[in-house]
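See below for query16.cif, which holds mmCIF, C-alpha atoms.
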```
data_data
#
loop_
_atom_site.label_atom_id
_atom_site.label_comp_id
_atom_site.auth_asym_id
_atom_site.auth_seq_id
_atom_site.Cartn_x
_atom_site.Cartn_y
_atom_site.Cartn_z
CA MET A 28 0.00 0.00 0.00
CA LYS A 29 2.78 2.45 0.95
CA ARG A 30 4.70 1.69 -2.24
CA SER A 31 1.57 2.26 -4.33
CA LEU A 32 0.92 5.57 -2.58
CA LEU A 33 4.53 6.68 -3.09
CA SER A 34 4.39 5.78 -6.78
CA CYS A 35 1.07 7.57 -7.24
CA LEU A 36 2.34 10.71 -5.54
CA LEU A 37 5.47 10.77 -7.67
CA THR A 38 3.51 10.19 -10.86
CA LEU A 39 1.15 13.01 -9.92
CA LEU A 40 4.07 15.34 -9.23
CA CYS A 41 5.64 14.43 -12.57
CA ALA A 42 2.37 15.08 -14.38
CA ILE A 43 1.83 18.44 -12.68
CA THR A 44 5.38 19.58 -13.41
CA ALA A 45 5.23 18.42 -17.01
CA PHE A 46 1.82 20.01 -17.56
CA GLY A 47 3.15 23.31 -16.24
CA ALA A 48 6.08 23.18 -18.63
CA GLN A 49 3.87 22.28 -21.58
CA ALA A 50 1.39 25.02 -20.75
CA SER A 51 4.17 27.56 -20.46
CA GLY A 52 5.62 26.47 -23.78
CA ALA A 53 2.22 26.64 -25.45
CA ALA A 54 1.64 30.14 -24.08
CA LYS A 55 4.84 31.35 -25.72
CA ALA A 56 3.79 29.76 -29.03
CA ALA A 57 7.43 29.14 -29.89
CA PRO A 58 8.10 28.13 -33.51
CA GLN A 59 9.38 24.67 -34.34
CA GLY A 60 12.94 24.24 -35.52
CA ASP A 61 14.08 23.38 -39.03
CA ALA A 62 15.75 19.97 -39.12
CA ALA A 63 17.55 20.70 -42.40
CA ARG A 64 19.21 23.78 -40.95
CA GLY A 65 20.02 21.80 -37.84
CA GLN A 66 21.72 19.10 -39.88
CA ALA A 67 24.02 21.69 -41.45
CA ILE A 68 25.23 22.71 -38.00
CA VAL A 69 25.55 19.13 -36.82
CA SER A 70 27.65 18.10 -39.82
CA THR A 71 30.27 20.74 -39.10
CA VAL A 72 30.17 21.20 -35.32
CA CYS A 73 28.36 18.49 -33.34
CA VAL A 74 29.44 15.46 -35.37
CA ALA A 75 32.76 14.92 -33.57
CA CYS A 76 31.15 14.25 -30.19
CA HIS A 77 27.58 13.20 -30.98
CA GLY A 78 27.95 11.55 -34.37
CA PRO A 79 26.33 12.65 -37.66
CA ASP A 80 22.89 11.42 -36.56
CA GLY A 81 23.04 11.96 -32.81
CA ASN A 82 24.30 8.47 -32.04
CA SER A 83 27.49 9.30 -30.19
CA PRO A 84 30.50 7.04 -30.78
CA LEU A 85 31.69 7.63 -27.20
CA ALA A 86 29.92 6.62 -24.00
CA ALA A 87 30.98 9.85 -22.30
CA ASN A 88 28.76 11.80 -24.70
CA PRO A 89 25.00 11.19 -24.69
CA LYS A 90 22.99 9.79 -27.56
CA LEU A 91 20.79 12.64 -28.75
CA ALA A 92 18.99 10.81 -31.54
CA GLY A 93 15.28 10.42 -30.86
CA GLN A 94 15.35 12.66 -27.79
CA HIS A 95 12.39 14.96 -27.13
CA PRO A 96 13.05 18.30 -28.88
CA GLU A 97 11.71 20.27 -25.92
CA TYR A 98 14.18 18.59 -23.61
CA LEU A 99 17.07 19.11 -26.02
CA LEU A 100 16.22 22.80 -26.32
CA LYS A 101 16.06 23.20 -22.54
CA GLN A 102 19.49 21.63 -22.10
CA MET A 103 21.07 23.80 -24.77
CA LYS A 104 19.58 26.93 -23.22
CA ASN A 105 20.78 25.79 -19.80
CA PHE A 106 24.31 25.38 -21.14
CA LYS A 107 24.35 28.98 -22.36
CA SER A 108 24.96 31.91 -20.03
CA ALA A 109 22.48 34.76 -20.28
CA ASP A 110 22.25 38.33 -19.01
CA GLY A 111 25.69 38.08 -17.48
CA LYS A 112 24.66 35.12 -15.31
CA PRO A 113 26.51 31.79 -15.30
CA PRO A 114 24.85 28.90 -17.14
CA GLU A 115 22.41 26.73 -15.21
CA ARG A 116 24.20 23.61 -16.41
CA VAL A 117 27.96 23.75 -16.22
CA ASN A 118 30.06 21.78 -18.69
CA ALA A 119 33.38 23.11 -19.92
CA ILE A 120 32.88 21.79 -23.45
CA MET A 121 29.18 22.43 -24.00
CA ASN A 122 29.23 25.89 -22.42
CA GLY A 123 31.75 26.95 -25.05
CA MET A 124 30.17 25.09 -27.95
CA ILE A 125 26.66 26.48 -27.50
CA ALA A 126 27.72 30.09 -26.82
CA ALA A 127 27.67 31.06 -30.50
CA TYR A 128 24.12 29.88 -31.22
CA ASP A 129 20.86 31.73 -30.76
CA GLU A 130 17.56 30.13 -29.75
CA GLY A 131 16.44 29.69 -33.34
CA GLN A 132 19.54 27.65 -34.15
CA MET A 133 19.09 25.64 -30.96
CA ARG A 134 15.56 24.80 -32.09
CA ASP A 135 16.95 23.70 -35.45
CA LEU A 136 19.43 21.41 -33.72
CA ALA A 137 16.73 20.00 -31.44
CA ALA A 138 14.46 19.33 -34.43
CA TYR A 139 17.20 17.47 -36.28
CA PHE A 140 18.33 15.27 -33.41
CA ALA A 141 14.75 14.49 -32.39
CA ALA A 142 14.00 13.24 -35.90
CA GLN A 143 16.86 10.73 -35.90
CA THR A 144 16.62 7.08 -34.90
CA ARG A 145 18.47 6.11 -31.75
CA LYS A 146 20.74 3.08 -31.87
CA ASP A 147 20.02 1.64 -28.46
CA GLU A 148 22.57 0.20 -26.08
CA THR A 149 22.10 -3.02 -24.11
CA ALA A 150 22.36 -4.01 -20.45
CA LYS A 151 25.71 -5.71 -19.95
CA ASN A 152 25.89 -6.76 -16.31
CA ARG A 153 23.74 -9.84 -15.69
CA GLU A 154 24.61 -9.81 -12.00
CA THR A 155 22.88 -6.48 -11.37
CA ILE A 156 19.87 -6.75 -13.71
CA GLU A 157 17.53 -7.77 -10.90
CA LEU A 158 18.58 -4.86 -8.68
CA GLY A 159 18.40 -2.39 -11.55
CA GLN A 160 14.95 -3.60 -12.52
CA LYS A 161 13.72 -3.40 -8.93
CA LEU A 162 14.89 0.18 -8.51
CA TYR A 163 13.63 1.31 -11.89
CA ARG A 164 10.18 -0.23 -11.56
CA GLY A 165 9.55 0.01 -7.83
CA GLY A 166 12.18 2.18 -6.18
CA ASP A 167 13.06 1.44 -2.57
CA GLN A 168 10.24 2.03 -0.10
CA ALA A 169 12.54 1.72 2.92
CA LYS A 170 14.46 4.91 2.10
CA GLY A 171 11.79 6.78 0.20
CA LEU A 172 13.38 6.21 -3.21
CA PRO A 173 10.70 6.50 -5.94
CA ALA A 174 10.56 4.34 -9.03
CA CYS A 175 12.29 5.80 -12.10
CA ALA A 176 9.37 4.57 -14.18
CA GLY A 177 7.10 7.07 -12.42
CA CYS A 178 8.49 9.89 -14.57
CA HIS A 179 10.46 8.17 -17.34
CA GLY A 180 7.88 5.51 -18.14
CA PRO A 181 8.11 1.70 -18.17
CA THR A 182 10.31 1.66 -21.29
CA GLY A 183 12.35 4.77 -20.52
CA ALA A 184 10.55 6.80 -23.21
CA GLY A 185 10.22 9.80 -20.91
CA MET A 186 7.68 12.59 -21.09
CA PRO A 187 7.98 15.32 -23.76
CA ALA A 188 8.79 18.84 -22.55
CA GLN A 189 9.96 17.69 -19.16
CA TYR A 190 11.48 14.23 -18.71
CA PRO A 191 14.00 12.88 -21.20
CA ARG A 192 14.01 9.61 -23.02
CA ILE A 193 16.61 7.54 -21.17
CA GLY A 194 15.99 4.01 -22.45
CA GLY A 195 18.87 2.78 -24.61
CA GLN A 196 21.24 5.50 -23.39
CA PHE A 197 24.87 4.70 -22.58
CA ALA A 198 25.01 3.26 -19.06
CA GLU A 199 28.21 5.20 -18.41
CA TYR A 200 26.56 8.50 -19.30
CA THR A 201 23.46 7.81 -17.20
CA GLU A 202 25.66 6.83 -14.27
CA ALA A 203 27.68 10.03 -14.57
CA GLN A 204 24.54 12.18 -14.63
CA LEU A 205 23.02 10.48 -11.59
CA LYS A 206 26.23 11.00 -9.66
CA GLY A 207 26.33 14.59 -10.86
CA PHE A 208 22.82 15.18 -9.53
CA ARG A 209 23.68 13.45 -6.27
CA ASP A 210 26.83 15.50 -5.76
CA GLY A 211 25.24 18.77 -6.84
CA VAL A 212 27.53 19.12 -9.85
CA ARG A 213 24.46 19.11 -12.10
CA ALA A 214 21.63 21.24 -10.79
CA ASN A 215 19.30 22.13 -13.67
CA ASP A 216 16.55 19.65 -12.79
CA PRO A 217 13.08 21.18 -12.21
CA ASN A 218 12.16 21.43 -8.53
CA LYS A 219 15.36 19.54 -7.62
CA MET A 220 13.55 16.31 -8.46
CA MET A 221 16.57 14.39 -9.72
CA ARG A 222 18.78 15.68 -6.94
CA MET A 223 16.27 14.47 -4.35
CA VAL A 224 16.22 11.05 -6.01
CA ALA A 225 19.94 10.60 -6.63
CA ILE A 226 20.98 11.65 -3.12
CA LYS A 227 19.26 8.52 -1.81
CA MET A 228 21.21 6.19 -4.10
CA THR A 229 24.50 4.40 -3.50
CA ASP A 230 27.17 3.93 -6.16
CA VAL A 231 26.12 0.30 -6.52
CA GLU A 232 22.47 1.23 -7.03
CA ILE A 233 23.33 3.96 -9.53
CA LYS A 234 25.47 1.59 -11.58
CA ALA A 235 22.83 -1.15 -11.51
CA VAL A 236 19.94 1.05 -12.59
CA SER A 237 22.06 2.77 -15.26
CA ASP A 238 22.93 -0.58 -16.81
CA TYR A 239 19.28 -1.68 -16.66
CA ILE A 240 18.16 1.55 -18.37
CA ALA A 241 20.58 0.93 -21.23
CA GLY A 242 18.62 -2.19 -22.10
CA LEU A 243 15.15 -0.62 -22.01
CA ARG A 244 13.12 -0.45 -25.23
#
```

Can you present the structure in this file as C-alpha cells?
Amino acid sequence: MKRSLLSCLLTLLCAITAFGAQASGAAKAAPQGDAARGQAIVSTVCVACHGPDGNSPLAANPKLAGQHPEYLLKQMKNFKSADGKPPERVNAIMNGMIAAYDEGQMRDLAAYFAAQTRKDETAKNRETIELGQKLYRGGDQAKGLPACAGCHGPTGAGMPAQYPRIGGQFAEYTEAQLKGFRDGVRANDPNKMMRMVAIKMTDVEIKAVSDYIAGLR
C-alpha cells in the first residue's frame, strides 16, 4: 500500500510539473525548428562528439537521436549563459560550444536530433539486472526512493517537454549524470527532483539502474 501511494504521488508530481512546462511552452507559441538547418550545423560542429545522426560514438557523450526536442532545447539553453549570469548547467565543453548559437539555431538542432533514430545500447551486467529492474520499476520504499518509471515511463521513453528519453542511453553516461545530480555538480533539474532522487542512491544502485536503463526499449 505504501509503495503504491509513493508511486502515485510521484507520478502526480511528474504530471503536474510536465503540464506546467507544456502550458508555459504553449503560451509562448514558440516556432518549431528546421531539421535541415540543424543538420548543417551538426555536420560541421556536433558530429565529432555526438555523431552525424546523434548516435554518439563515445559513452561519455550522450545519444541525442530520438530525444524529445523540448528537452534538447532546454538543455542547450541551460548550457548557455544569459544576461551576465553563469549557465544553469555547467560543462566546460558544451558551455563553449553552444555560446555562438541563438535560440532559433538551438531549435533547429533540437528538431534534427529528435527526428533521428536512436541506436540503443544493451544491459551488460547480468549480476545487477535484478537490482536495476527493482529500482527502476519500484524504487526502494525503505528509504523513500521512488521508481524511475514514475516519470520516465516503463520503457524509458520519458515525457515530452519535461522528462528525457533515457531508455537505450549509454550506461556510463546515465551513471555520470546520476552521480552529478547526487553530488550537486548538475543542478538544472526542475524542482530539484533528480537531486532528491539521486541523493538517496549508493554507487552500486546507480550503476545497476544505469545498466538496466541501457537495455530498455

**OP:** Return the single residue from A:Met223, A:Ile68, A:Ala86, A:Ala198 that is closest to A:Thr149, with distances computed using all atoms listed in the file.
**Re:**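 Nearest to A:Thr149: A:Ala198.
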
Original post:
For A:Ile120, which residue out of A:Ala203, A:Ala184, A:Leu91, A:Cys73 is the nearest one, using all atoms listed in the file?
Top reply: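 So, comparing all the options, the nearest one is A:Cys73.
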
Subject >> Residue nearest A:Phe106 among A:Arg164, A:Arg145, A:Arg213, A:His77 (counting all atoms listed in the file) >> reply: A:Arg213

Original post:
Hey, which of A:Glu148, A:Gln132, A:His179, A:Gln102 ends up closest to A:Asp216? Count all atoms listed in the file.
Top reply: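 Using all atoms listed in the file, A:Asp216 sits closest to A:Gln102.
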
**OP:** Find the residue from A:Lys151, A:Lys227, A:Arg244, A:Lys112 that sits nearest to A:Thr182; use all atoms listed in the file when measuring.
**Re:**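 Smallest distance to A:Thr182 is found for A:Arg244.
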
Original post:
Closest to A:Cys175 among A:Gly78, A:Gly194, A:Gly93, A:Gly242, using all atoms listed in the file?
Top reply: A:Gly194

Enclose all atoms of stretch 185-204 of chain A listed in the file in an axis-aligned box, grow every side by 5 Å, and hand back centre and edge lengths in Å to one decimal, as AutoDock Vina command-line options.
```
--center_x 17.9 --center_y 10.8 --center_z -19.4 --size_x 30.5 --size_y 26.1 --size_z 20.3
```

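In this structure, atom CA of A:Asp110 sits 22.0 Å away from atom CA of A:Glu97.
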
**OP:** Tell me which protein, DNA and RNA residues are within 12 Å of A:Leu158, counting only C-alpha atoms, leaving out same-chain ones fewer than 6 positions away, and put them as a ChimeraX atom specification.
**Re:** /A:152,164-167,231-240

Would you write out those residues with C-alpha atoms, as a short mmCIF file (atom, residue, chain, number, x, y, z; two decimals), in the frame of the given file?
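And here is the file that came out, selection15.cif:
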```cif
data_model
loop_
_atom_site.label_atom_id
_atom_site.label_comp_id
_atom_site.auth_asym_id
_atom_site.auth_seq_id
_atom_site.Cartn_x
_atom_site.Cartn_y
_atom_site.Cartn_z
CA ASN A 152 25.89 -6.76 -16.31
CA ARG A 164 10.18 -0.23 -11.56
CA GLY A 165 9.55 0.01 -7.83
CA GLY A 166 12.18 2.18 -6.18
CA ASP A 167 13.06 1.44 -2.57
CA VAL A 231 26.12 0.30 -6.52
CA GLU A 232 22.47 1.23 -7.03
CA ILE A 233 23.33 3.96 -9.53
CA LYS A 234 25.47 1.59 -11.58
CA ALA A 235 22.83 -1.15 -11.51
CA VAL A 236 19.94 1.05 -12.59
CA SER A 237 22.06 2.77 -15.26
CA ASP A 238 22.93 -0.58 -16.81
CA TYR A 239 19.28 -1.68 -16.66
CA ILE A 240 18.16 1.55 -18.37
#
```

The PyMOL selection byres ((chain A and resi 67) around 12) resolved against shown file, as a PDB file with C-alpha atoms, in the frame of the given file:
```pdb
ATOM      1  CA  ASP A  61      14.080  23.380 -39.030  1.00  0.00           C
ATOM      2  CA  ALA A  62      15.750  19.970 -39.120  1.00  0.00           C
ATOM      3  CA  ALA A  63      17.550  20.700 -42.400  1.00  0.00           C
ATOM      4  CA  ARG A  64      19.210  23.780 -40.950  1.00  0.00           C
ATOM      5  CA  GLY A  65      20.020  21.800 -37.840  1.00  0.00           C
ATOM      6  CA  GLN A  66      21.720  19.100 -39.880  1.00  0.00           C
ATOM      7  CA  ILE A  68      25.230  22.710 -38.000  1.00  0.00           C
ATOM      8  CA  VAL A  69      25.550  19.130 -36.820  1.00  0.00           C
ATOM      9  CA  SER A  70      27.650  18.100 -39.820  1.00  0.00           C
ATOM     10  CA  THR A  71      30.270  20.740 -39.100  1.00  0.00           C
ATOM     11  CA  VAL A  72      30.170  21.200 -35.320  1.00  0.00           C
ATOM     12  CA  CYS A  73      28.360  18.490 -33.340  1.00  0.00           C
ATOM     13  CA  VAL A  74      29.440  15.460 -35.370  1.00  0.00           C
ATOM     14  CA  PRO A  79      26.330  12.650 -37.660  1.00  0.00           C
ATOM     15  CA  ASP A  80      22.890  11.420 -36.560  1.00  0.00           C
ATOM     16  CA  GLN A 132      19.540  27.650 -34.150  1.00  0.00           C
ATOM     17  CA  ASP A 135      16.950  23.700 -35.450  1.00  0.00           C
ATOM     18  CA  LEU A 136      19.430  21.410 -33.720  1.00  0.00           C
ATOM     19  CA  TYR A 139      17.200  17.470 -36.280  1.00  0.00           C
ATOM     20  CA  PHE A 140      18.330  15.270 -33.410  1.00  0.00           C
TER      21      PHE A 140
END
```
